[in-house]
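Raw work.tsv, TSV, C-alpha atoms:
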chain	number	residue	atom	x	y	z
A	1	MET	CA	23.26	19.19	43.77
A	2	ILE	CA	19.61	19.87	44.38
A	3	LEU	CA	19.19	20.73	40.77
A	4	SER	CA	20.92	17.58	39.64
A	5	LYS	CA	18.80	15.53	42.00
A	6	ARG	CA	15.72	17.16	40.69
A	7	LEU	CA	16.89	16.38	37.21
A	8	SER	CA	17.61	12.80	38.09
A	9	ASN	CA	14.14	12.52	39.58
A	10	ALA	CA	12.59	14.27	36.65
A	11	LEU	CA	14.44	12.36	33.96
A	12	PRO	CA	12.67	9.00	34.30
A	13	ALA	CA	9.34	10.80	34.39
A	14	ALA	CA	10.29	12.77	31.32
A	15	VAL	CA	11.39	9.61	29.51
A	16	ALA	CA	8.19	7.85	30.51
A	17	GLY	CA	6.19	10.85	29.32
A	18	ALA	CA	8.05	10.92	26.03
A	19	CYS	CA	7.37	7.21	25.58
A	20	LEU	CA	3.69	7.76	26.23
A	21	LEU	CA	3.72	10.47	23.62
A	22	LEU	CA	5.64	8.32	21.18
A	23	VAL	CA	3.46	5.23	21.42
A	24	PRO	CA	0.32	6.76	19.99
A	25	THR	CA	2.41	8.65	17.45
A	26	LEU	CA	4.09	5.46	16.21
A	27	SER	CA	0.91	3.42	16.06
A	28	GLY	CA	-1.03	6.33	14.59
A	29	ALA	CA	1.47	6.95	11.80
A	30	ALA	CA	0.66	3.76	9.90
A	31	ASP	CA	2.57	3.17	6.68
A	32	PRO	CA	0.38	4.76	3.99
A	33	HIS	CA	1.61	2.09	1.58
A	34	SER	CA	1.03	-0.96	3.78
A	35	ARG	CA	-1.86	-2.40	1.75
A	36	ALA	CA	-0.20	-1.62	-1.58
A	37	THR	CA	3.05	-3.17	-0.35
A	38	ARG	CA	1.30	-6.42	0.52
A	39	ASN	CA	-0.58	-6.40	-2.76
A	40	TYR	CA	2.71	-5.84	-4.59
A	41	ASP	CA	4.32	-8.69	-2.65
A	42	THR	CA	1.41	-10.97	-3.58
A	43	TYR	CA	0.71	-10.12	-7.21
A	44	CYS	CA	3.61	-8.12	-8.67
A	45	VAL	CA	6.76	-9.67	-7.18
A	46	GLN	CA	6.43	-12.80	-9.31
A	47	CYS	CA	7.46	-10.75	-12.37
A	48	HIS	CA	8.67	-7.37	-11.10
A	49	GLY	CA	10.85	-8.78	-8.33
A	50	LEU	CA	11.45	-8.56	-4.60
A	51	GLU	CA	13.51	-5.43	-5.21
A	52	ARG	CA	10.91	-3.97	-7.60
A	53	ASN	CA	13.55	-3.86	-10.34
A	54	GLY	CA	11.89	-6.05	-13.00
A	55	GLN	CA	13.96	-9.09	-12.01
A	56	GLY	CA	11.16	-11.30	-10.74
A	57	VAL	CA	11.54	-15.07	-10.49
A	58	ASN	CA	9.46	-15.51	-13.66
A	59	SER	CA	11.29	-12.86	-15.66
A	60	ALA	CA	14.11	-15.16	-16.77
A	61	SER	CA	11.77	-17.06	-19.08
A	62	MET	CA	9.71	-14.10	-20.26
A	63	SER	CA	9.99	-12.72	-23.79
A	64	VAL	CA	9.58	-9.14	-22.52
A	65	GLN	CA	11.45	-7.78	-19.50
A	66	PRO	CA	9.01	-6.60	-16.81
A	67	ARG	CA	9.14	-2.88	-15.99
A	68	ASP	CA	11.83	-1.83	-13.51
A	69	HIS	CA	9.82	0.17	-10.97
A	70	THR	CA	12.98	1.63	-9.44
A	71	ASP	CA	13.92	3.30	-12.75
A	72	ALA	CA	13.09	6.91	-11.89
A	73	LYS	CA	13.61	8.19	-15.42
A	74	GLY	CA	11.61	5.47	-17.17
A	75	MET	CA	8.81	5.60	-14.62
A	76	ALA	CA	8.62	9.40	-14.66
A	77	ASP	CA	7.71	9.21	-18.34
A	78	ILE	CA	4.56	7.21	-17.57
A	79	PRO	CA	1.55	9.27	-16.42
A	80	ASP	CA	-0.45	8.06	-13.39
A	81	GLN	CA	-3.45	7.32	-15.60
A	82	GLU	CA	-1.38	5.00	-17.79
A	83	LEU	CA	-0.09	3.15	-14.72
A	84	PHE	CA	-3.67	2.84	-13.48
A	85	ASP	CA	-4.90	1.55	-16.86
A	86	ALA	CA	-2.02	-0.92	-17.21
A	87	ILE	CA	-2.79	-2.44	-13.81
A	88	LYS	CA	-6.55	-2.45	-14.24
A	89	GLU	CA	-6.83	-3.46	-17.89
A	90	GLY	CA	-3.48	-5.14	-18.53
A	91	GLY	CA	-0.53	-4.32	-20.77
A	92	LEU	CA	-2.47	-4.50	-24.03
A	93	ALA	CA	-4.69	-1.60	-22.91
A	94	VAL	CA	-1.65	0.70	-22.96
A	95	ASN	CA	0.02	-0.85	-26.01
A	96	LYS	CA	2.40	-2.89	-23.91
A	97	SER	CA	2.91	-6.62	-23.43
A	98	VAL	CA	0.09	-9.12	-22.87
A	99	LEU	CA	2.34	-10.62	-20.22
A	100	MET	CA	1.16	-7.83	-17.92
A	101	PRO	CA	-2.25	-9.30	-17.06
A	102	VAL	CA	-5.56	-7.67	-16.18
A	103	TRP	CA	-5.65	-7.08	-12.41
A	104	GLY	CA	-8.94	-5.18	-12.38
A	105	ASN	CA	-10.81	-8.36	-11.50
A	106	VAL	CA	-8.66	-8.88	-8.41
A	107	LEU	CA	-7.85	-5.39	-7.12
A	108	SER	CA	-10.45	-2.71	-6.45
A	109	GLU	CA	-10.09	0.73	-8.05
A	110	GLU	CA	-9.04	2.07	-4.65
A	111	GLU	CA	-6.32	-0.57	-4.36
A	112	ILE	CA	-5.10	0.25	-7.87
A	113	LYS	CA	-4.92	3.96	-7.00
A	114	GLU	CA	-2.93	3.03	-3.89
A	115	MET	CA	-0.64	0.92	-6.07
A	116	VAL	CA	-0.01	3.86	-8.42
A	117	ALA	CA	0.93	6.00	-5.39
A	118	TYR	CA	3.15	3.20	-4.11
A	119	LEU	CA	4.91	2.93	-7.50
A	120	ARG	CA	5.64	6.68	-7.31
A	121	HIS	CA	7.08	6.08	-3.86
A	122	VAL	CA	9.23	3.19	-5.15
A	123	CYS	CA	10.61	5.10	-8.15
A	124	GLU	CA	10.91	8.34	-6.21
A	125	CYS	CA	9.61	10.09	-9.27
B	1	MET	CA	-31.32	-67.02	-0.03
B	2	LYS	CA	-28.85	-66.16	-2.73
B	3	LEU	CA	-30.36	-62.72	-3.01
B	4	SER	CA	-30.09	-62.00	0.68
B	5	THR	CA	-26.45	-63.17	0.73
B	6	ALA	CA	-25.72	-60.83	-2.15
B	7	ALA	CA	-27.53	-58.02	-0.34
B	8	ILE	CA	-25.52	-58.62	2.81
B	9	ALA	CA	-22.30	-58.72	0.80
B	10	ALA	CA	-23.26	-55.45	-0.91
B	11	LEU	CA	-24.12	-53.82	2.41
B	12	SER	CA	-20.83	-54.90	3.94
B	13	LEU	CA	-19.02	-53.46	0.91
B	14	VAL	CA	-20.79	-50.13	1.41
B	15	ALA	CA	-19.97	-50.28	5.11
B	16	SER	CA	-16.30	-50.99	4.49
B	17	ALA	CA	-16.06	-48.21	1.88
B	18	SER	CA	-17.60	-45.83	4.40
B	19	GLU	CA	-15.22	-47.02	7.12
B	20	PHE	CA	-12.35	-46.53	4.68
B	21	ALA	CA	-13.36	-42.91	4.08
B	22	GLN	CA	-13.73	-42.47	7.82
B	23	ASP	CA	-10.14	-43.63	8.29
B	24	GLY	CA	-9.15	-41.23	5.56
B	25	ARG	CA	-10.88	-38.41	7.39
B	26	ALA	CA	-8.91	-39.18	10.55
B	27	ILE	CA	-5.66	-39.18	8.56
B	28	VAL	CA	-6.50	-35.90	6.82
B	29	GLU	CA	-7.61	-34.21	10.05
B	30	SER	CA	-4.51	-35.31	11.94
B	31	GLN	CA	-1.86	-34.88	9.26
B	32	CYS	CA	-3.05	-32.37	6.65
B	33	ILE	CA	-4.87	-29.54	8.38
B	34	ALA	CA	-1.78	-27.81	9.75
B	35	CYS	CA	-1.02	-26.67	6.20
B	36	HIS	CA	-4.25	-27.15	4.24
B	37	ALA	CA	-7.78	-25.85	4.77
B	38	VAL	CA	-10.15	-28.82	4.50
B	39	THR	CA	-13.17	-26.66	5.26
B	40	LYS	CA	-13.91	-23.34	3.62
B	41	PRO	CA	-12.09	-20.59	5.55
B	42	ASP	CA	-14.31	-18.31	7.63
B	43	LYS	CA	-12.51	-15.30	6.20
B	44	PRO	CA	-11.14	-16.14	2.76
B	45	GLY	CA	-8.83	-13.52	1.29
B	46	LEU	CA	-5.30	-12.24	1.42
B	47	ASP	CA	-4.73	-12.94	5.14
B	48	HIS	CA	-5.59	-16.58	4.53
B	49	ILE	CA	-3.45	-16.70	1.38
B	50	TRP	CA	-0.42	-15.46	3.37
B	51	GLN	CA	-1.04	-17.68	6.37
B	52	ARG	CA	-1.59	-21.01	4.62
B	53	LYS	CA	1.32	-23.31	3.79
B	54	GLY	CA	-0.37	-25.31	1.05
B	55	PRO	CA	-3.32	-25.06	-1.30
B	56	ASP	CA	-6.83	-25.37	0.10
B	57	LEU	CA	-8.33	-28.86	-0.01
B	58	HIS	CA	-11.95	-28.08	0.82
B	59	TYR	CA	-12.86	-28.62	-2.84
B	60	ALA	CA	-10.33	-31.42	-3.47
B	61	GLY	CA	-13.01	-33.81	-4.71
B	62	SER	CA	-13.98	-31.40	-7.48
B	63	LYS	CA	-10.35	-30.71	-8.37
B	64	PHE	CA	-8.18	-33.83	-8.32
B	65	THR	CA	-8.34	-37.32	-9.71
B	66	GLU	CA	-8.43	-39.94	-6.96
B	67	ALA	CA	-5.80	-42.14	-8.61
B	68	TRP	CA	-3.32	-39.28	-8.77
B	69	LEU	CA	-4.02	-38.20	-5.18
B	70	ALA	CA	-3.43	-41.72	-3.88
B	71	SER	CA	-0.19	-42.20	-5.79
B	72	TRP	CA	1.13	-38.70	-5.10
B	73	LEU	CA	0.47	-38.82	-1.35
B	74	ALA	CA	2.51	-42.03	-1.21
B	75	ALA	CA	5.36	-40.53	-3.26
B	76	PRO	CA	5.07	-36.73	-3.27
B	77	THR	CA	6.98	-34.55	-5.72
B	78	ARG	CA	7.06	-30.77	-5.90
B	79	ILE	CA	4.34	-29.33	-8.11
B	80	ARG	CA	4.82	-25.67	-7.18
B	81	ALA	CA	8.41	-24.80	-7.95
B	82	GLY	CA	8.15	-21.59	-5.96
B	83	GLY	CA	6.26	-23.04	-3.00
B	84	GLU	CA	3.13	-21.60	-1.43
B	85	LEU	CA	3.10	-18.63	-1.15
B	86	TYR	CA	5.97	-18.19	-3.63
B	87	THR	CA	7.02	-14.76	-2.25
B	88	LYS	CA	8.08	-16.35	1.04
B	89	TYR	CA	10.55	-18.63	-0.72
B	90	LEU	CA	12.34	-16.12	-2.92
B	91	LYS	CA	15.72	-14.52	-2.49
B	92	PRO	CA	17.15	-11.66	-4.52
B	93	THR	CA	20.30	-12.35	-6.53
B	94	GLU	CA	22.52	-10.29	-8.83
B	95	ALA	CA	20.17	-11.25	-11.65
B	96	GLU	CA	16.59	-12.55	-11.32
B	97	ASP	CA	15.08	-13.52	-7.97
B	98	ALA	CA	15.73	-17.18	-7.21
B	99	ILE	CA	13.84	-19.80	-5.24
B	100	ASP	CA	15.52	-20.37	-1.89
B	101	GLU	CA	15.55	-24.16	-1.86
B	102	SER	CA	16.75	-24.19	1.76
B	103	LYS	CA	13.38	-22.82	2.87
B	104	LEU	CA	11.25	-25.36	1.01
B	105	GLU	CA	10.33	-28.50	2.89
B	106	PRO	CA	9.34	-31.76	1.22
B	107	HIS	CA	5.69	-32.78	1.50
B	108	PRO	CA	5.11	-35.54	4.08
B	109	GLN	CA	4.81	-39.02	2.63
B	110	LEU	CA	2.00	-41.44	3.56
B	111	SER	CA	1.99	-45.22	3.39
B	112	SER	CA	0.18	-46.59	0.34
B	113	ALA	CA	-2.79	-47.66	2.47
B	114	ASP	CA	-3.04	-44.29	4.25
B	115	ALA	CA	-2.60	-42.46	0.95
B	116	GLN	CA	-5.50	-44.37	-0.60
B	117	ALA	CA	-7.69	-43.78	2.46
B	118	ALA	CA	-6.85	-40.06	2.53
B	119	ALA	CA	-7.48	-39.78	-1.21
B	120	SER	CA	-10.88	-41.46	-0.82
B	121	TYR	CA	-11.86	-39.00	1.88
B	122	LEU	CA	-10.51	-35.97	0.01
B	123	MET	CA	-12.64	-36.94	-2.98
B	124	THR	CA	-15.74	-36.44	-0.79
B	125	LEU	CA	-14.86	-32.74	-0.32
B	126	LYS	CA	-16.70	-30.97	-3.11
B	127	ALA	CA	-16.66	-27.41	-4.39
B	128	ALA	CA	-19.72	-25.24	-3.88
B	129	ASP	CA	-22.52	-26.04	-6.29
B	130	GLY	CA	-21.95	-24.48	-9.67
B	131	SER	CA	-18.34	-23.40	-9.14
B	132	VAL	CA	-17.08	-26.30	-11.23
B	133	GLU	CA	-19.22	-26.42	-14.34
B	134	ALA	CA	-19.87	-30.11	-15.05
B	135	GLY	CA	-19.35	-30.82	-18.73
B	136	ALA	CA	-17.94	-27.34	-19.34
B	137	PHE	CA	-14.89	-28.67	-21.14
B	138	LYS	CA	-16.05	-30.04	-24.46
B	139	GLY	CA	-12.95	-32.12	-25.09
B	140	ALA	CA	-12.07	-30.90	-28.55
B	141	ALA	CA	-8.48	-31.65	-29.53
B	142	VAL	CA	-6.25	-28.60	-29.83
B	143	SER	CA	-3.39	-28.18	-32.25
B	144	PRO	CA	-0.30	-28.23	-30.01
B	145	THR	CA	1.23	-25.37	-31.99
B	146	MET	CA	-1.90	-23.23	-31.73
B	147	GLY	CA	-2.34	-24.15	-28.07
B	148	ALA	CA	1.24	-23.24	-27.25
B	149	MET	CA	0.86	-19.91	-29.05
B	150	PHE	CA	-2.21	-19.06	-26.98
B	151	PHE	CA	-0.69	-20.34	-23.76
B	152	ASN	CA	2.57	-18.44	-24.16
B	153	LYS	CA	2.28	-15.49	-26.49
B	154	LEU	CA	-1.38	-14.53	-26.68
B	155	ARG	CA	-2.60	-15.10	-23.12
B	156	GLY	CA	0.70	-15.12	-21.23
B	157	CYS	CA	0.08	-18.23	-19.07
B	158	GLY	CA	3.65	-19.43	-19.60
B	159	ALA	CA	4.97	-16.42	-17.70
B	160	CYS	CA	3.99	-18.11	-14.42
B	161	HIS	CA	3.39	-21.77	-15.33
B	162	SER	CA	5.65	-24.46	-16.69
B	163	ALA	CA	4.22	-26.34	-19.68
B	164	LYS	CA	7.22	-28.67	-19.88
B	165	PRO	CA	9.88	-29.59	-17.36
B	166	GLY	CA	12.55	-26.95	-16.99
B	167	SER	CA	10.79	-24.15	-18.86
B	168	GLY	CA	8.31	-21.40	-18.11
B	169	GLY	CA	7.55	-19.52	-14.92
B	170	SER	CA	7.67	-20.88	-11.41
B	171	SER	CA	5.25	-18.82	-9.32
B	172	GLY	CA	2.34	-21.03	-10.41
B	173	PRO	CA	1.99	-24.82	-10.32
B	174	GLU	CA	3.52	-26.85	-13.14
B	175	LEU	CA	1.01	-27.77	-15.81
B	176	HIS	CA	2.72	-30.61	-17.67
B	177	THR	CA	1.32	-32.93	-14.98
B	178	ALA	CA	-2.08	-31.23	-14.84
B	179	SER	CA	-3.96	-33.87	-16.81
B	180	GLU	CA	-2.93	-36.57	-14.34
B	181	ARG	CA	-3.78	-34.43	-11.34
B	182	LEU	CA	-6.82	-32.43	-12.29
B	183	GLN	CA	-10.31	-32.92	-13.62
B	184	PRO	CA	-10.69	-31.14	-17.00
B	185	ASP	CA	-13.85	-29.31	-15.89
B	186	PHE	CA	-11.93	-27.99	-12.88
B	187	ILE	CA	-9.11	-26.74	-15.13
B	188	TYR	CA	-11.71	-24.93	-17.27
B	189	SER	CA	-13.52	-23.45	-14.25
B	190	TYR	CA	-10.36	-22.38	-12.42
B	191	ILE	CA	-8.94	-20.62	-15.49
B	192	LYS	CA	-12.29	-18.89	-15.94
B	193	ASN	CA	-12.24	-17.49	-12.42
B	194	PRO	CA	-9.42	-18.50	-10.07
B	195	GLN	CA	-10.64	-15.94	-7.55
B	196	ALA	CA	-13.91	-17.87	-7.08
B	197	PHE	CA	-11.94	-20.83	-5.71
B	198	ASP	CA	-9.08	-18.97	-4.07
B	199	PRO	CA	-10.10	-15.40	-3.16
B	200	GLY	CA	-7.00	-13.22	-3.29
B	201	VAL	CA	-4.82	-15.78	-5.07
B	202	TRP	CA	-1.99	-14.41	-7.22
B	203	MET	CA	-3.47	-15.78	-10.44
B	204	PRO	CA	-5.53	-13.07	-12.16
B	205	ARG	CA	-8.96	-13.56	-13.64
B	206	LEU	CA	-8.33	-12.79	-17.27
B	207	THR	CA	-10.96	-11.71	-19.75
B	208	LEU	CA	-11.23	-14.93	-21.74
B	209	SER	CA	-13.76	-15.93	-24.37
B	210	GLU	CA	-15.40	-19.37	-24.42
B	211	PRO	CA	-13.14	-20.52	-27.32
B	212	ASP	CA	-10.12	-19.29	-25.29
B	213	LEU	CA	-11.22	-21.36	-22.28
B	214	GLN	CA	-11.78	-24.47	-24.41
B	215	ARG	CA	-8.46	-24.02	-26.20
B	216	LEU	CA	-6.41	-23.43	-23.05
B	217	THR	CA	-8.06	-26.30	-21.16
B	218	GLY	CA	-7.55	-28.61	-24.14
B	219	TYR	CA	-3.91	-27.58	-24.48
B	220	ILE	CA	-3.24	-28.17	-20.76
B	221	VAL	CA	-5.03	-31.53	-20.78
B	222	GLN	CA	-2.90	-32.62	-23.74
B	223	LEU	CA	0.42	-31.51	-22.25
B	224	ASN	CA	1.43	-35.00	-21.15
B	225	GLY	CA	0.88	-36.30	-24.66
B	226	LYS	CA	-2.49	-37.91	-24.05
B	227	VAL	CA	-5.49	-37.04	-26.20
B	228	ALA	CA	-8.01	-34.70	-24.58
B	229	THR	CA	-11.11	-36.35	-23.20
B	230	PRO	CA	-14.10	-34.58	-21.71

Mind converting the file's structure to structure tokens?
Amino acid sequence: MILSKRLSNALPAAVAGACLLLVPTLSGAADPHSRATRNYDTYCVQCHGLERNGQGVNSASMSVQPRDHTDAKGMADIPDQELFDAIKEGGLAVNKSVLMPVWGNVLSEEEIKEMVAYLRHVCEC
Amino acid sequence: MKLSTAAIAALSLVASASEFAQDGRAIVESQCIACHAVTKPDKPGLDHIWQRKGPDLHYAGSKFTEAWLASWLAAPTRIRAGGELYTKYLKPTEAEDAIDESKLEPHPQLSSADAQAAASYLMTLKAADGSVEAGAFKGAAVSPTMGAMFFNKLRGCGACHSAKPGSGGSSGPELHTASERLQPDFIYSYIKNPQAFDPGVWMPRLTLSEPDLQRLTGYIVQLNGKVATP
């Protein structure tokens, strides 16, 4: 009885303590892809799609299907440097379509590196 | 005597034009600023791009034609098929993403008089010196076939913009009405560097040569069938 009372007294304190511990943990563990995700949602979704599968709203009228970023096999074949170059210099720089434009005048090199890491996260490859 | 009467008449005309623009300012500041920036944002960039509900108007006088503004504000139609910002108005489907029409609201409509007054005021809002290059577009006619090839295949503009009703991409504004809406030098300057006008906007700054810029501007200006004029 005493033990259970002690427990019942201790439990709220323990929960409160756990919450205190959790709060900084949650806010401290920011999504490492948050900036790349917003950049993707701004610049890439128009062709590569909300679901990152190459089915963007513009893709219906495009002569070349945008890359499906969820295609683990297809994406695994592309080295990080090629992804970086395609984003920075456009599709032509990596012998792909001109419909992939040059983003190096909009995104910084750091943002492009983050985007490459985000694409690896999306394709799980 | 005649001279002084004429002078008084001229002064009253100036005064009424100024009053007209003042009315337009009141209309714009009461009805437009919830969705449009009519002064340059303190912190331009991606946060602003995501927060705004319509394109910035702080350089409207360097962008639009007054006649189009006045007629459009009295009878608005949708220019941006995907809305602003397009991502907010998309929904995934089994195939390509689609525009969720239920989320898009029609633009408010003004009376003809208010539309004209608002247009007059908006035309006083100019871009920063030098951002629109006066006389940049030389007005040379462009072969429609060559222009279309550049617009679609060689520079990829058609991926995001519609050059004729019912075709082309929808994340950017339609361009078959561009010559009615926009000043040719603005079209040239915006293509050259969209990010200078709209920092963070989802239109990239391509690496375009001077002939490219002339050709694309000329093609866009001609899209409604009229001959290009500088």

Identify all chain A residues at most 9 Å from chain B by counting all atoms listed in the file; ligands do not count. Present them as a VMD selection string. chain A and resid 38 to 39 41 to 47 49 to 51 54 to 63 98 to 107

Length of the CA of Ala196 in chain B to CA of Val221 in chain B vector [Å]: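 Separation of CA of Ala196 in chain B and CA of Val221 in chain B: 21.3 Å.
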
Residue contacts of range 72-79 of chain A (12 Å, all atoms listed in the file) excluding same-chain residues fewer than 3 positions away, as a list in words: Arg52, Asn53, Arg67, Asp68, His69, Glu82, Leu83, Phe84, Asp85, Ala86, Val94, Val116, Ala117, Leu119, Arg120, His121, Val122, Cys123, Glu124 and Cys125 of chain A

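Taking CA of Cys32 in chain B as the reference point, CA of Tyr59 in chain B is found at 14.2 Å.
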
Excluding same-chain residues fewer than 4 positions from Ala136 in chain B, what lies within 9 Å of it counting only C-alpha atoms, as a ChimeraX atom specification? /B:132,184-186,188-189,214,230

Could you tell me how far CA of Lys192 in chain B lies from CA of Ala128 in chain B, in Å and to one decimal? 15.5 Å

For each of B:Leu104, B:Ile79, B:Met149, B:Leu69, take the minimum atom-to-atom distance to Ala119 in chain B, counting only C-alpha atoms, then give the residue where this is smallest.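 Smallest distance to Ala119 in chain B is found for B:Leu69.
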
Counting all atoms listed in the file, I want the residues whose atoms come within 9 Å of (-7.5, -26.5, 5.9) in the file frame, returned as an NGL selection string. :B and (29 or 32-41 or 52 or 54-58)

Supply range 88-106 of chain A as a short mmCIF file (atom, residue, chain, number, x, y, z; two decimals), in the frame of the given file, with N, CA and C atoms built in where the input has gaps.
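Final file, rebuild-v3.cif:
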data_model
loop_
_atom_site.label_atom_id
_atom_site.label_comp_id
_atom_site.auth_asym_id
_atom_site.auth_seq_id
_atom_site.Cartn_x
_atom_site.Cartn_y
_atom_site.Cartn_z
N LYS A 88 -5.14 -2.05 -14.20
CA LYS A 88 -6.55 -2.45 -14.24
C LYS A 88 -6.89 -3.29 -15.47
N GLU A 89 -6.40 -2.84 -16.63
CA GLU A 89 -6.83 -3.46 -17.89
C GLU A 89 -5.76 -4.35 -18.52
N GLY A 90 -4.55 -4.32 -17.97
CA GLY A 90 -3.48 -5.14 -18.53
C GLY A 90 -2.63 -4.38 -19.52
N GLY A 91 -1.49 -4.98 -19.89
CA GLY A 91 -0.53 -4.32 -20.77
C GLY A 91 -1.10 -3.93 -22.12
N LEU A 92 -1.94 -4.78 -22.68
CA LEU A 92 -2.47 -4.50 -24.03
C LEU A 92 -3.24 -3.18 -24.07
N ALA A 93 -3.87 -2.82 -22.95
CA ALA A 93 -4.69 -1.60 -22.91
C ALA A 93 -3.84 -0.34 -23.08
N VAL A 94 -2.54 -0.46 -22.81
CA VAL A 94 -1.65 0.70 -22.96
C VAL A 94 -0.55 0.40 -23.98
N ASN A 95 -0.90 -0.48 -24.93
CA ASN A 95 0.02 -0.85 -26.01
C ASN A 95 1.33 -1.45 -25.51
N LYS A 96 1.22 -2.19 -24.42
CA LYS A 96 2.40 -2.89 -23.91
C LYS A 96 2.11 -4.40 -23.95
N SER A 97 2.96 -5.16 -23.29
CA SER A 97 2.91 -6.62 -23.43
C SER A 97 1.67 -7.25 -22.79
N VAL A 98 1.19 -8.32 -23.43
CA VAL A 98 0.09 -9.12 -22.87
C VAL A 98 0.54 -9.84 -21.60
N LEU A 99 1.84 -9.92 -21.41
CA LEU A 99 2.34 -10.62 -20.22
C LEU A 99 2.02 -9.86 -18.93
N MET A 100 1.70 -8.57 -19.07
CA MET A 100 1.16 -7.83 -17.92
C MET A 100 -0.35 -8.08 -17.94
N PRO A 101 -0.84 -8.90 -16.98
CA PRO A 101 -2.25 -9.30 -17.06
C PRO A 101 -3.21 -8.24 -16.52
N VAL A 102 -4.48 -8.51 -16.71
CA VAL A 102 -5.56 -7.67 -16.18
C VAL A 102 -5.68 -7.93 -14.68
N TRP A 103 -5.49 -6.90 -13.86
CA TRP A 103 -5.65 -7.08 -12.41
C TRP A 103 -6.94 -6.46 -11.88
N GLY A 104 -7.71 -5.87 -12.80
CA GLY A 104 -8.94 -5.18 -12.38
C GLY A 104 -10.02 -6.10 -11.85
N ASN A 105 -9.86 -7.41 -12.06
CA ASN A 105 -10.81 -8.36 -11.50
C ASN A 105 -10.37 -8.88 -10.14
N VAL A 106 -9.19 -8.43 -9.70
CA VAL A 106 -8.66 -8.88 -8.41
C VAL A 106 -8.56 -7.70 -7.44
#
